$ cat model-v7.pdb   # PDB, C-alpha atoms
ATOM      1  CA  MET A  28      -5.454  15.887 -15.269
ATOM      2  CA  LYS A  29      -6.753  19.061 -16.908
ATOM      3  CA  ILE A  30      -8.200  21.975 -14.906
ATOM      4  CA  PRO A  31      -9.727  25.352 -15.788
ATOM      5  CA  LEU A  32      -7.076  27.997 -16.360
ATOM      6  CA  HIS A  33      -5.752  29.421 -13.077
ATOM      7  CA  THR A  34      -2.903  31.819 -12.395
ATOM      8  CA  ALA A  35      -0.097  31.076  -9.959
ATOM      9  CA  ARG A  36      -1.547  33.757  -7.677
ATOM     10  CA  GLU A  37      -4.883  31.919  -7.539
ATOM     11  CA  ILE A  38      -3.227  28.559  -6.897
ATOM     12  CA  ALA A  39      -1.154  30.041  -4.058
ATOM     13  CA  GLN A  40      -4.343  31.363  -2.483
ATOM     14  CA  LEU A  41      -6.024  27.950  -2.749
ATOM     15  CA  VAL A  42      -3.209  26.186  -0.866
ATOM     16  CA  GLU A  43      -2.451  29.152   1.433
ATOM     17  CA  GLY A  44       1.171  29.152   0.248
ATOM     18  CA  VAL A  45       3.786  31.809  -0.456
ATOM     19  CA  LEU A  46       4.174  32.669  -4.136
ATOM     20  CA  LEU A  47       7.703  32.903  -5.568
ATOM     21  CA  GLY A  48       8.105  34.126  -9.127
ATOM     22  CA  ASP A  49       5.690  35.412 -11.747
ATOM     23  CA  PRO A  50       2.120  35.562 -10.329
ATOM     24  CA  GLU A  51       0.637  35.482 -13.840
ATOM     25  CA  VAL A  52       2.072  32.100 -14.837
ATOM     26  CA  CYS A  53      -0.935  30.017 -15.881
ATOM     27  CA  ALA A  54      -1.836  26.449 -14.967
ATOM     28  CA  THR A  55      -4.102  24.244 -17.071
ATOM     29  CA  GLY A  56      -3.392  20.866 -15.477
ATOM     30  CA  ILE A  57      -2.129  18.915 -12.449
ATOM     31  CA  ASN A  58       0.255  15.968 -12.731
ATOM     32  CA  GLU A  59       2.903  13.994 -10.899
ATOM     33  CA  ILE A  60       6.485  14.682 -11.916
ATOM     34  CA  HIS A  61       6.550  11.543 -14.095
ATOM     35  CA  ARG A  62       3.896  12.896 -16.499
ATOM     36  CA  VAL A  63       4.108  16.696 -16.400
ATOM     37  CA  GLU A  64       3.467  18.871 -19.437
ATOM     38  CA  PRO A  65       3.755  22.641 -19.977
ATOM     39  CA  GLY A  66       1.030  24.332 -17.974
ATOM     40  CA  ASP A  67       0.968  21.645 -15.263
ATOM     41  CA  ILE A  68       1.189  21.999 -11.500
ATOM     42  CA  THR A  69       3.442  19.453  -9.790
ATOM     43  CA  PHE A  70       5.180  19.125  -6.412
ATOM     44  CA  SER A  71       8.449  18.032  -4.853
ATOM     45  CA  ASP A  72       8.992  17.387  -1.159
ATOM     46  CA  VAL A  73      12.151  15.223  -1.329
ATOM     47  CA  PRO A  74      15.616  16.227  -2.627
ATOM     48  CA  LYS A  75      15.606  13.239  -4.999
ATOM     49  CA  TYR A  76      12.925  14.839  -7.184
ATOM     50  CA  LEU A  77      13.516  18.544  -6.592
ATOM     51  CA  ARG A  78      15.962  19.145  -9.454
ATOM     52  CA  ARG A  79      13.866  16.990 -11.754
ATOM     53  CA  ALA A  80      10.810  19.090 -10.933
ATOM     54  CA  LEU A  81      12.656  22.372 -11.462
ATOM     55  CA  GLU A  82      13.940  21.184 -14.855
ATOM     56  CA  SER A  83      10.624  19.652 -15.924
ATOM     57  CA  PRO A  84       8.055  21.254 -18.276
ATOM     58  CA  ALA A  85       5.810  22.027 -15.264
ATOM     59  CA  SER A  86       4.784  25.677 -14.946
ATOM     60  CA  ILE A  87       3.993  25.772 -11.205
ATOM     61  CA  ILE A  88       5.825  23.700  -8.581
ATOM     62  CA  LEU A  89       4.872  23.245  -4.938
ATOM     63  CA  VAL A  90       8.044  23.188  -2.808
ATOM     64  CA  ASN A  91       8.930  23.270   0.887
ATOM     65  CA  GLN A  92      12.092  25.402   0.710
ATOM     66  CA  GLU A  93      12.865  28.816  -0.708
ATOM     67  CA  MET A  94      15.089  28.842  -3.802
ATOM     68  CA  GLU A  95      15.805  30.621  -7.052
ATOM     69  CA  VAL A  96      12.858  30.473  -9.427
ATOM     70  CA  PRO A  97      13.620  29.018 -12.897
ATOM     71  CA  PRO A  98      12.687  31.295 -15.804
ATOM     72  CA  GLY A  99       9.091  31.032 -16.936
ATOM     73  CA  LYS A 100       7.946  29.186 -13.821
ATOM     74  CA  ALA A 101       6.366  29.976 -10.468
ATOM     75  CA  LEU A 102       7.086  28.256  -7.162
ATOM     76  CA  ILE A 103       4.654  28.030  -4.276
ATOM     77  CA  LEU A 104       6.244  27.630  -0.863
ATOM     78  CA  THR A 105       4.184  25.422   1.463
ATOM     79  CA  PRO A 106       5.211  23.351   4.531
ATOM     80  CA  PHE A 107       3.809  20.108   3.104
ATOM     81  CA  PRO A 108       3.727  20.071  -0.718
ATOM     82  CA  PHE A 109       2.247  16.564  -0.744
ATOM     83  CA  ARG A 110      -0.773  17.711   1.266
ATOM     84  CA  SER A 111      -1.149  20.889  -0.753
ATOM     85  CA  PHE A 112      -1.071  18.820  -3.960
ATOM     86  CA  ASN A 113      -3.816  16.590  -2.530
ATOM     87  CA  LYS A 114      -5.812  19.691  -1.636
ATOM     88  CA  LEU A 115      -5.650  20.882  -5.236
ATOM     89  CA  LEU A 116      -6.661  17.454  -6.561
ATOM     90  CA  GLU A 117      -9.704  17.392  -4.289
ATOM     91  CA  HIS A 118     -10.585  20.996  -5.169
ATOM     92  CA  PHE A 119     -10.603  20.384  -8.921
ATOM     93  CA  ALA A 120     -11.888  16.780  -8.863
ATOM     94  CA  PRO A 121     -13.937  16.210  -5.704
ATOM     95  CA  ALA A 122     -14.280  12.576  -4.676
ATOM     96  CA  VAL A 123     -17.579  10.932  -5.534
ATOM     97  CA  PRO A 124     -18.554   8.765  -2.545
ATOM     98  CA  PRO A 125     -20.615   5.588  -2.901
ATOM     99  CA  THR A 126     -24.370   6.084  -2.735
ATOM    100  CA  PHE A 127     -25.942   5.071   0.562
ATOM    101  CA  MET A 128     -29.417   4.804   2.023
ATOM    102  CA  PRO A 129     -30.471   6.737   5.132
ATOM    103  CA  SER A 130     -29.654   5.220   8.502
ATOM    104  CA  SER A 131     -31.912   2.501   9.856
ATOM    105  CA  ALA A 132     -33.605   2.223  13.211
ATOM    106  CA  TYR A 133     -31.262  -0.630  14.135
ATOM    107  CA  PHE A 134     -28.123   1.360  13.343
ATOM    108  CA  PRO A 135     -28.679   5.070  13.994
ATOM    109  CA  GLU A 136     -26.316   7.464  12.179
ATOM    110  CA  VAL A 137     -25.049   4.639   9.958
ATOM    111  CA  GLU A 138     -25.581   4.947   6.199
ATOM    112  CA  ILE A 139     -26.402   1.592   4.637
ATOM    113  CA  GLY A 140     -26.572   0.844   0.899
ATOM    114  CA  GLN A 141     -28.950  -1.432  -0.937
ATOM    115  CA  ASN A 142     -28.983  -5.239  -0.497
ATOM    116  CA  VAL A 143     -26.760  -5.109   2.585
ATOM    117  CA  ILE A 144     -26.979  -8.105   4.928
ATOM    118  CA  ILE A 145     -25.952  -7.675   8.573
ATOM    119  CA  GLY A 146     -25.765 -10.689  10.857
ATOM    120  CA  GLU A 147     -27.294 -11.085  14.281
ATOM    121  CA  GLY A 148     -25.390  -9.541  17.161
ATOM    122  CA  THR A 149     -23.290  -7.221  14.990
ATOM    123  CA  PHE A 150     -22.737  -3.697  16.310
ATOM    124  CA  ILE A 151     -21.915  -0.779  14.018
ATOM    125  CA  GLU A 152     -20.871   2.544  15.535
ATOM    126  CA  PRO A 153     -22.289   5.907  14.342
ATOM    127  CA  GLY A 154     -20.644   7.576  11.356
ATOM    128  CA  CYS A 155     -20.073   4.370   9.385
ATOM    129  CA  LYS A 156     -21.025   3.915   5.732
ATOM    130  CA  ILE A 157     -21.739   0.459   4.338
ATOM    131  CA  GLY A 158     -21.779   0.081   0.532
ATOM    132  CA  HIS A 159     -24.267  -1.822  -1.624
ATOM    133  CA  ASN A 160     -24.322  -5.660  -1.639
ATOM    134  CA  THR A 161     -22.033  -5.936   1.370
ATOM    135  CA  VAL A 162     -22.417  -8.930   3.681
ATOM    136  CA  ILE A 163     -21.424  -8.611   7.342
ATOM    137  CA  GLY A 164     -21.504 -11.758   9.424
ATOM    138  CA  PRO A 165     -22.894 -12.211  12.930
ATOM    139  CA  HIS A 166     -21.252 -10.876  16.086
ATOM    140  CA  CYS A 167     -18.985  -8.376  14.357
ATOM    141  CA  TYR A 168     -17.951  -4.951  15.594
ATOM    142  CA  ILE A 169     -17.284  -1.956  13.335
ATOM    143  CA  GLY A 170     -15.886   1.237  14.878
ATOM    144  CA  ARG A 171     -16.823   4.849  14.208
ATOM    145  CA  ASN A 172     -16.468   6.530  10.817
ATOM    146  CA  THR A 173     -15.448   3.383   8.991
ATOM    147  CA  LEU A 174     -16.150   3.316   5.250
ATOM    148  CA  ILE A 175     -16.894  -0.002   3.565
ATOM    149  CA  TYR A 176     -17.269   0.107  -0.210
ATOM    150  CA  PRO A 177     -19.757  -2.083  -2.133
ATOM    151  CA  ASN A 178     -19.428  -5.868  -2.505
ATOM    152  CA  VAL A 179     -17.376  -6.560   0.617
ATOM    153  CA  SER A 180     -17.709  -9.794   2.612
ATOM    154  CA  ILE A 181     -16.927  -9.735   6.331
ATOM    155  CA  GLY A 182     -16.958 -12.998   8.245
ATOM    156  CA  ALA A 183     -18.358 -13.733  11.686
ATOM    157  CA  HIS A 184     -16.741 -12.290  14.823
ATOM    158  CA  THR A 185     -14.581  -9.814  12.883
ATOM    159  CA  TYR A 186     -13.454  -6.723  14.799
ATOM    160  CA  ILE A 187     -12.857  -3.563  12.747
ATOM    161  CA  GLY A 188     -11.614  -0.369  14.392
ATOM    162  CA  SER A 189     -12.478   3.271  13.748
ATOM    163  CA  HIS A 190     -11.714   5.322  10.600
ATOM    164  CA  VAL A 191     -11.006   2.168   8.570
ATOM    165  CA  LEU A 192     -11.423   2.109   4.773
ATOM    166  CA  ILE A 193     -12.209  -1.202   3.035
ATOM    167  CA  GLN A 194     -12.475  -1.101  -0.748
ATOM    168  CA  SER A 195     -14.710  -3.179  -3.001
ATOM    169  CA  GLY A 196     -14.282  -6.912  -3.375
ATOM    170  CA  CYS A 197     -12.473  -7.558  -0.085
ATOM    171  CA  VAL A 198     -13.068 -10.775   1.827
ATOM    172  CA  ILE A 199     -12.296 -10.298   5.505
ATOM    173  CA  GLY A 200     -12.483 -13.382   7.698
ATOM    174  CA  GLY A 201     -12.399 -16.206   5.148
ATOM    175  CA  GLU A 202     -11.503 -19.758   6.153
ATOM    176  CA  ALA A 203      -7.824 -20.578   6.662
ATOM    177  CA  PHE A 204      -5.951 -22.511   3.962
ATOM    178  CA  TYR A 205      -4.869 -25.255   6.358
ATOM    179  CA  TYR A 206      -5.222 -28.910   5.283
ATOM    180  CA  LYS A 207      -4.149 -32.340   6.479
ATOM    181  CA  ARG A 208      -3.626 -34.991   3.826
ATOM    182  CA  PHE A 209      -5.221 -38.410   4.333
ATOM    183  CA  PRO A 210      -5.262 -41.393   1.970
ATOM    184  CA  GLU A 211      -8.796 -40.527   0.940
ATOM    185  CA  GLY A 212      -8.034 -36.810   0.391
ATOM    186  CA  SER A 213      -7.344 -33.515   2.185
ATOM    187  CA  GLU A 214      -9.243 -32.366   5.261
ATOM    188  CA  ARG A 215      -9.398 -28.716   6.377
ATOM    189  CA  LEU A 216      -8.531 -27.676   9.920
ATOM    190  CA  LEU A 217     -11.481 -25.688  11.207
ATOM    191  CA  SER A 218     -11.056 -21.905  11.595
ATOM    192  CA  LYS A 219     -12.409 -20.657  14.918
ATOM    193  CA  GLY A 220     -10.346 -17.470  15.340
ATOM    194  CA  ARG A 221     -11.070 -13.905  14.260
ATOM    195  CA  VAL A 222      -9.727 -11.068  12.169
ATOM    196  CA  VAL A 223      -8.901  -7.965  14.222
ATOM    197  CA  ILE A 224      -8.266  -4.710  12.367
ATOM    198  CA  GLY A 225      -6.978  -1.616  14.174
ATOM    199  CA  ASP A 226      -7.802   2.070  13.656
ATOM    200  CA  TYR A 227      -7.019   4.078  10.487
ATOM    201  CA  VAL A 228      -6.255   0.943   8.462
ATOM    202  CA  GLU A 229      -6.856   0.986   4.687
ATOM    203  CA  ILE A 230      -7.445  -2.209   2.721
ATOM    204  CA  GLY A 231      -7.376  -2.179  -1.090
ATOM    205  CA  ALA A 232      -9.773  -3.792  -3.541
ATOM    206  CA  ASN A 233      -9.959  -7.601  -3.780
ATOM    207  CA  THR A 234      -7.664  -8.159  -0.825
ATOM    208  CA  THR A 235      -8.328 -11.231   1.311
ATOM    209  CA  ILE A 236      -7.537 -11.656   5.005
ATOM    210  CA  ASP A 237      -8.126 -15.111   6.497
ATOM    211  CA  ARG A 238      -9.394 -15.517  10.019
ATOM    212  CA  GLY A 239      -7.256 -17.234  12.595
ATOM    213  CA  VAL A 240      -7.496 -20.953  13.218
ATOM    214  CA  THR A 241      -7.502 -20.730  17.009
ATOM    215  CA  SER A 242      -6.109 -17.210  17.503
ATOM    216  CA  ASP A 243      -6.574 -13.864  15.708
ATOM    217  CA  THR A 244      -5.253 -12.546  12.424
ATOM    218  CA  TYR A 245      -4.263  -9.011  13.392
ATOM    219  CA  ILE A 246      -3.706  -5.809  11.384
ATOM    220  CA  GLY A 247      -2.231  -2.925  13.411
ATOM    221  CA  ASP A 248      -3.233   0.744  13.492
ATOM    222  CA  HIS A 249      -2.419   2.955  10.466
ATOM    223  CA  THR A 250      -1.305   0.044   8.282
ATOM    224  CA  LYS A 251      -2.046   0.496   4.555
ATOM    225  CA  ILE A 252      -2.691  -2.528   2.334
ATOM    226  CA  ASP A 253      -2.915  -2.314  -1.459
ATOM    227  CA  ASN A 254      -5.162  -4.251  -3.878
ATOM    228  CA  LEU A 255      -4.903  -8.019  -4.434
ATOM    229  CA  VAL A 256      -3.024  -8.847  -1.251
ATOM    230  CA  GLN A 257      -3.436 -12.201   0.523
ATOM    231  CA  ILE A 258      -2.867 -12.439   4.286
ATOM    232  CA  GLY A 259      -2.992 -15.887   5.856
ATOM    233  CA  HIS A 260      -4.424 -17.153   9.117
ATOM    234  CA  ASP A 261      -3.055 -16.143  12.529
ATOM    235  CA  THR A 262      -0.603 -13.659  11.009
ATOM    236  CA  PHE A 263       0.277 -10.551  12.993
ATOM    237  CA  ILE A 264       0.956  -7.308  11.112
ATOM    238  CA  GLY A 265       2.068  -4.343  13.208
ATOM    239  CA  ARG A 266       1.372  -0.628  13.007
ATOM    240  CA  TYR A 267       2.309   1.749  10.185
ATOM    241  CA  CYS A 268       3.144  -1.031   7.722
ATOM    242  CA  GLN A 269       2.724  -0.615   3.957
ATOM    243  CA  ILE A 270       1.976  -3.660   1.817
ATOM    244  CA  ALA A 271       1.846  -3.233  -1.971
ATOM    245  CA  ALA A 272      -0.215  -5.110  -4.564
ATOM    246  CA  GLN A 273       0.061  -8.881  -5.080
ATOM    247  CA  VAL A 274       1.984  -9.516  -1.872
ATOM    248  CA  GLY A 275       1.267 -12.942  -0.419
ATOM    249  CA  ILE A 276       1.759 -13.532   3.309
ATOM    250  CA  ALA A 277       1.194 -17.040   4.598
ATOM    251  CA  GLY A 278      -0.165 -18.011   7.993
ATOM    252  CA  THR A 279       1.409 -17.489  11.414
ATOM    253  CA  CYS A 280       3.845 -14.785  10.267
ATOM    254  CA  ILE A 281       4.886 -11.776  12.338
ATOM    255  CA  ILE A 282       5.384  -8.507  10.462
ATOM    256  CA  GLU A 283       6.617  -5.905  12.942
ATOM    257  CA  ASP A 284       5.857  -2.168  12.994
ATOM    258  CA  GLY A 285       6.820  -0.014  10.021
ATOM    259  CA  VAL A 286       7.647  -2.823   7.588
ATOM    260  CA  VAL A 287       7.301  -2.049   3.845
ATOM    261  CA  LEU A 288       6.647  -4.901   1.408
ATOM    262  CA  TRP A 289       6.796  -3.915  -2.264
ATOM    263  CA  GLY A 290       4.747  -5.586  -4.991
ATOM    264  CA  GLN A 291       4.711  -9.377  -5.375
ATOM    265  CA  VAL A 292       6.797 -10.118  -2.295
ATOM    266  CA  GLY A 293       6.205 -13.652  -1.041
ATOM    267  CA  VAL A 294       6.378 -14.553   2.649
ATOM    268  CA  PRO A 295       6.038 -18.234   3.710
ATOM    269  CA  SER A 296       4.497 -19.385   6.965
ATOM    270  CA  GLY A 297       6.169 -18.794  10.293
ATOM    271  CA  VAL A 298       8.507 -16.014   9.131
ATOM    272  CA  ARG A 299       9.235 -12.901  11.195
ATOM    273  CA  ILE A 300      10.213  -9.578   9.564
ATOM    274  CA  GLY A 301      11.730  -7.045  11.948
ATOM    275  CA  ALA A 302      10.526  -3.485  12.471
ATOM    276  CA  LYS A 303      11.153  -0.934   9.691
ATOM    277  CA  ALA A 304      12.517  -3.524   7.275
ATOM    278  CA  THR A 305      11.856  -2.942   3.555
ATOM    279  CA  VAL A 306      11.578  -5.837   1.103
ATOM    280  CA  LEU A 307      11.827  -4.792  -2.549
ATOM    281  CA  ALA A 308       9.516  -6.027  -5.308
ATOM    282  CA  LYS A 309       9.419  -9.697  -6.391
ATOM    283  CA  SER A 310      11.556 -10.828  -3.463
ATOM    284  CA  GLY A 311      11.102 -14.159  -1.726
ATOM    285  CA  VAL A 312      11.449 -14.096   2.047
ATOM    286  CA  LEU A 313      12.532 -17.643   2.864
ATOM    287  CA  ALA A 314      13.770 -16.969   6.408
ATOM    288  CA  SER A 315      13.220 -14.401   9.138
ATOM    289  CA  LEU A 316      14.772 -10.971   8.507
ATOM    290  CA  PRO A 317      16.148  -8.456  11.057
ATOM    291  CA  GLY A 318      14.635  -4.978  11.043
ATOM    292  CA  ASN A 319      15.948  -1.614   9.820
ATOM    293  CA  LYS A 320      17.439  -3.029   6.607
ATOM    294  CA  VAL A 321      16.492  -3.211   2.918
ATOM    295  CA  TYR A 322      16.236  -6.645   1.275
ATOM    296  CA  PHE A 323      15.994  -7.927  -2.278
ATOM    297  CA  GLY A 324      16.228 -11.163  -4.230
ATOM    298  CA  PHE A 325      14.568 -14.501  -4.928
ATOM    299  CA  ILE A 326      16.094 -15.502  -1.611
ATOM    300  CA  ALA A 327      15.831 -12.115   0.038
ATOM    301  CA  LYS A 328      19.068 -10.708   1.435
ATOM    302  CA  GLU A 329      20.444  -7.246   2.154
ATOM    303  CA  VAL A 330      20.047  -5.232  -1.015
ATOM    304  CA  LYS A 331      23.720  -4.240  -1.469
ATOM    305  CA  LYS A 332      24.821  -7.845  -1.185
ATOM    306  CA  ALA A 333      22.074  -8.950  -3.602
ATOM    307  CA  TRP A 334      23.096  -6.361  -6.214
ATOM    308  CA  ARG A 335      26.783  -7.349  -5.916
ATOM    309  CA  GLU A 336      25.893 -10.982  -6.524
ATOM    310  CA  ILE A 337      23.766 -10.072  -9.550
ATOM    311  CA  ALA A 338      26.564  -7.904 -10.952
ATOM    312  CA  SER A 339      29.127 -10.670 -10.442
ATOM    313  CA  MET A 340      27.031 -13.047 -12.539
ATOM    314  CA  GLY A 341      27.981 -10.986 -15.593
ATOM    315  CA  GLN A 342      31.641 -11.771 -14.955
ATOM    316  CA  LEU A 343      31.177 -15.563 -15.012
ATOM    317  CA  PRO A 344      31.733 -16.051 -18.796
ATOM    318  CA  ARG A 345      35.072 -14.202 -18.631
ATOM    319  CA  LEU A 346      36.158 -16.147 -15.566
ATOM    320  CA  LEU A 347      35.228 -19.454 -17.172
ATOM    321  CA  ARG A 348      37.176 -18.603 -20.319
ATOM    322  CA  ALA A 349      40.197 -17.782 -18.176
ATOM    323  CA  LEU A 350      40.000 -21.265 -16.642
ATOM    324  CA  GLU A 351      39.904 -23.084 -19.976
ATOM    325  CA  PRO A 352      43.119 -25.096 -20.785
ATOM    326  CA  SER A 353      43.885 -23.054 -23.906
ATOM    327  CA  ALA A 354      43.860 -19.871 -21.862
ATOM    328  CA  ASN A 355      46.814 -20.861 -19.693
ATOM    329  CA  GLY A 356      48.715 -23.026 -22.140
ATOM    330  CA  SER A 357      48.012 -26.338 -20.371
ATOM    331  CA  THR A 358      47.193 -29.515 -22.311
ATOM    332  CA  ASP A 359      45.565 -32.799 -21.592
ATOM    333  CA  GLU A 360      48.900 -34.654 -22.161
ATOM    334  CA  ASN A 361      50.745 -35.953 -19.140
ATOM    335  CA  PRO A 362      54.231 -34.445 -18.610
TER     336      PRO A 362
END
$ encode --input "model-v7.pdb" --output "C-alpha cells"
Amino acid sequence: MKIPLHTAREIAQLVEGVLLGDPEVCATGINEIHRVEPGDITFSDVPKYLRRALESPASIILVNQEMEVPPGKALILTPFPFRSFNKLLEHFAPAVPPTFMPSSAYFPEVEIGQNVIIGEGTFIEPGCKIGHNTVIGPHCYIGRNTLIYPNVSIGAHTYIGSHVLIQSGCVIGGEAFYYKRFPEGSERLLSKGRVVIGDYVEIGANTTIDRGVTSDTYIGDHTKIDNLVQIGHDTFIGRYCQIAAQVGIAGTCIIEDGVVLWGQVGVPSGVRIGAKATVLAKSGVLASLPGNKVYFGFIAKEVKKAWREIASMGQLPRLLRALEPSANGSTDENP
C-alpha cells in the first residue's frame, strides 16, 4: 500500500513511539513483512520475524524492544507494534463503512439500510447498524453496537450479543442438515432451537451457522470466524476461538475455549476438541482431541507424530528393496 511521503520522525509522532535511528528516513508505503519494498513501513512483534524484518528492504520497522539500528533504516519503539501498524493503516486508508439510513421510530439510535426487513417481536439495541437488503426474522435480539453488513439473513429467535460484526452473505439460523431416510425418500427433522452468539464475535462473509434442532447452536464471546465456514446444528463453540476459511463443523460438536482451526479442517458430528488445541490446515478430525496440543493429518494426530509418519513414507522404497530376495541372496529354491 502506497502512502504520501513521510519521514520516520513524522511516523513516530503518529504512533506515539520512540524513534531509533535516522529521523529523516522516508516512507512511501506500508506492507507486511512478506511483501515489503524499499521505502515501506513494516512491523515485528514476535522473535520469529524480527531478524527477517531487520534484514528486509523495509525502511522503517515498528518494534517492541530496543536494539541496534541497521544502516539506512529507522526503528520505532512501541509497546504493541501490531496495534501501531493498524493505527497507521487506518490513518492512511480510513475504513469506508456501509451506507445506512437514519434511525427509525421503531428502533431509536439504530441505523438501518435500504430494503431491510425486520420481523415482529425483534428487539435491536441502540448503536447497531444494519446493512442494505438484510433480513432479520421474528423474535430476535441484537445487542448494542453490533454491525451487520448488507445481504445478511438472520433466522427467527436468534440471539446476537453486543459489539458483534457479521459480514455480507452470512446466513445465521438456517435449518439443520438432519434427515431420516425412508423408502419413499428423506425427511428432515424439524429445527426448533436457536443460534446464540456472544459478545465481540466476528463472523466472515458467506459463513453459515445452523440453528439447533431442539437446543442452541452457541458461539462464545470473542470468537473470530473467517469467510466460508459452516457450523452445524447444536454445536457449542467456546470463547476466544479462531476458525479459518472453509472449515466445516458438523452438528452436536463441542469446541472448547481457545481452539484454533486452520483452513479446510473438517470436524464430524459429535466430536469434542479440548481447550487451546490447534488443528493445522486440511486436517480431518475423526475422533475427539485433548486440549493444549497441535494436530495435523487426514486423521488428525499430534503434529510431531504426523510429520514423523510422513517422513517415514519416503523410506518405504528403500526398505522394500532391502526385503527383496535378490537383496539378501535368498532364492525361491528349496534347500
$ residues_around --input "model-v7.pdb" --residues "Cys280 in chain A" --least-positions-apart "5" --cutoff "12 Å" --atoms "all atoms listed in the file" --output "ChimeraX atom specification"
/A:239,243-246,258-265,275,293-301,312-316
$ write_last_selection --input "model-v7.pdb" --atoms "C-alpha atoms" --output "compact mmCIF listing (two decimals), in the frame of the given file"
# COMPACT_ATOMS: atom_id res chain seq x y z
CA GLY A 239 -7.26 -17.23 12.60
CA ASP A 243 -6.57 -13.86 15.71
CA THR A 244 -5.25 -12.55 12.42
CA TYR A 245 -4.26 -9.01 13.39
CA ILE A 246 -3.71 -5.81 11.38
CA ILE A 258 -2.87 -12.44 4.29
CA GLY A 259 -2.99 -15.89 5.86
CA HIS A 260 -4.42 -17.15 9.12
CA ASP A 261 -3.06 -16.14 12.53
CA THR A 262 -0.60 -13.66 11.01
CA PHE A 263 0.28 -10.55 12.99
CA ILE A 264 0.96 -7.31 11.11
CA GLY A 265 2.07 -4.34 13.21
CA GLY A 275 1.27 -12.94 -0.42
CA GLY A 293 6.20 -13.65 -1.04
CA VAL A 294 6.38 -14.55 2.65
CA PRO A 295 6.04 -18.23 3.71
CA SER A 296 4.50 -19.39 6.96
CA GLY A 297 6.17 -18.79 10.29
CA VAL A 298 8.51 -16.01 9.13
CA ARG A 299 9.24 -12.90 11.20
CA ILE A 300 10.21 -9.58 9.56
CA GLY A 301 11.73 -7.04 11.95
CA VAL A 312 11.45 -14.10 2.05
CA LEU A 313 12.53 -17.64 2.86
CA ALA A 314 13.77 -16.97 6.41
CA SER A 315 13.22 -14.40 9.14
CA LEU A 316 14.77 -10.97 8.51
$ closest_residue --input "model-v7.pdb" --among "A:Gln291, A:Thr55, A:Gln257, A:Ser218" --to "Phe119 in chain A" --atoms "all atoms listed in the file"
A:Thr55
$ resolve_selection --input "model-v7.pdb" --expression "the PyMOL selection byres ((chain A and resi 93-103) around 9)" --output "ChimeraX atom specification"
/A:35,38-39,42,44-52,81-82,85-92,104-105,108
$ resolve_selection --input "model-v7.pdb" --expression "the PyMOL selection byres ((chain A and resi 228) around 12)" --output "JSON, numbers by chain"
{"A": [170, 172, 173, 174, 175, 187, 188, 189, 190, 191, 192, 193, 194, 223, 224, 225, 226, 227, 229, 230, 231, 245, 246, 247, 248, 249, 250, 251, 252, 253, 264, 265, 266, 267, 268, 269, 270]}
$ resolve_selection --input "model-v7.pdb" --expression "the PyMOL selection byres ((chain A and resi 30) around 12)" --output "number ranges by chain"
A: 28-29, 31-34, 38, 53-58, 66-68, 115-120
$ write_last_selection --input "model-v7.pdb" --atoms "C-alpha atoms" --output "PDB file, in the coordinates of the input"
ATOM      1  CA  MET A  28      -5.454  15.887 -15.269  1.00  0.00           C
ATOM      2  CA  LYS A  29      -6.753  19.061 -16.908  1.00  0.00           C
ATOM      3  CA  PRO A  31      -9.727  25.352 -15.788  1.00  0.00           C
ATOM      4  CA  LEU A  32      -7.076  27.997 -16.360  1.00  0.00           C
ATOM      5  CA  HIS A  33      -5.752  29.421 -13.077  1.00  0.00           C
ATOM      6  CA  THR A  34      -2.903  31.819 -12.395  1.00  0.00           C
ATOM      7  CA  ILE A  38      -3.227  28.559  -6.897  1.00  0.00           C
ATOM      8  CA  CYS A  53      -0.935  30.017 -15.881  1.00  0.00           C
ATOM      9  CA  ALA A  54      -1.836  26.449 -14.967  1.00  0.00           C
ATOM     10  CA  THR A  55      -4.102  24.244 -17.071  1.00  0.00           C
ATOM     11  CA  GLY A  56      -3.392  20.866 -15.477  1.00  0.00           C
ATOM     12  CA  ILE A  57      -2.129  18.915 -12.449  1.00  0.00           C
ATOM     13  CA  ASN A  58       0.255  15.968 -12.731  1.00  0.00           C
ATOM     14  CA  GLY A  66       1.030  24.332 -17.974  1.00  0.00           C
ATOM     15  CA  ASP A  67       0.968  21.645 -15.263  1.00  0.00           C
ATOM     16  CA  ILE A  68       1.189  21.999 -11.500  1.00  0.00           C
ATOM     17  CA  LEU A 115      -5.650  20.882  -5.236  1.00  0.00           C
ATOM     18  CA  LEU A 116      -6.661  17.454  -6.561  1.00  0.00           C
ATOM     19  CA  GLU A 117      -9.704  17.392  -4.289  1.00  0.00           C
ATOM     20  CA  HIS A 118     -10.585  20.996  -5.169  1.00  0.00           C
ATOM     21  CA  PHE A 119     -10.603  20.384  -8.921  1.00  0.00           C
ATOM     22  CA  ALA A 120     -11.888  16.780  -8.863  1.00  0.00           C
TER      23      ALA A 120
END
$ closest_residue --input "model-v7.pdb" --among "A:Leu217, A:Val63, A:Ile276, A:Ile145" --to "Gly182 in chain A" --atoms "all atoms listed in the file"
A:Ile145
$ atom_distance --input "model-v7.pdb" --atom1 "CA of Ala327 in chain A" --atom2 "CA of Tyr205 in chain A"
25.3 Å
$ residues_around --input "model-v7.pdb" --residues "Ser195 in chain A" --least-positions-apart "6" --cutoff "6 Å" --atoms "only C-alpha atoms" --output "list in words"
Tyr176, Pro177, Asn178, Val179 and Ala232 of chain A
$ residues_around --input "model-v7.pdb" --residues "Gly201 in chain A" --least-positions-apart "4" --cutoff "7 Å" --atoms "only C-alpha atoms" --output "PDB file with C-alpha atoms, in the coordinates of the input"
ATOM      1  CA  GLY A 182     -16.958 -12.998   8.245  1.00  0.00           C
ATOM      2  CA  ILE A 236      -7.537 -11.656   5.005  1.00  0.00           C
ATOM      3  CA  ASP A 237      -8.126 -15.111   6.497  1.00  0.00           C
ATOM      4  CA  ARG A 238      -9.394 -15.517  10.019  1.00  0.00           C
TER       5      ARG A 238
END
$ residues_near_point --input "model-v7.pdb" --point "(7.8, 9.9, -11.7)" --cutoff "12 Å" --atoms "all atoms listed in the file" --output "list of chain:residue names"
A:Asn58, A:Glu59, A:Ile60, A:His61, A:Arg62, A:Val63, A:Thr69, A:Phe70, A:Ser71, A:Lys75, A:Tyr76, A:Leu77, A:Arg79, A:Ala80, A:Ser83
$ atom_distance --input "model-v7.pdb" --atom1 "CA of Val143 in chain A" --atom2 "CA of Ser180 in chain A"
10.2 Å
$ closest_residue --input "model-v7.pdb" --among "A:Arg348, A:Lys156, A:Arg171, A:Lys219" --to "Ala183 in chain A" --atoms "only C-alpha atoms"
A:Lys219
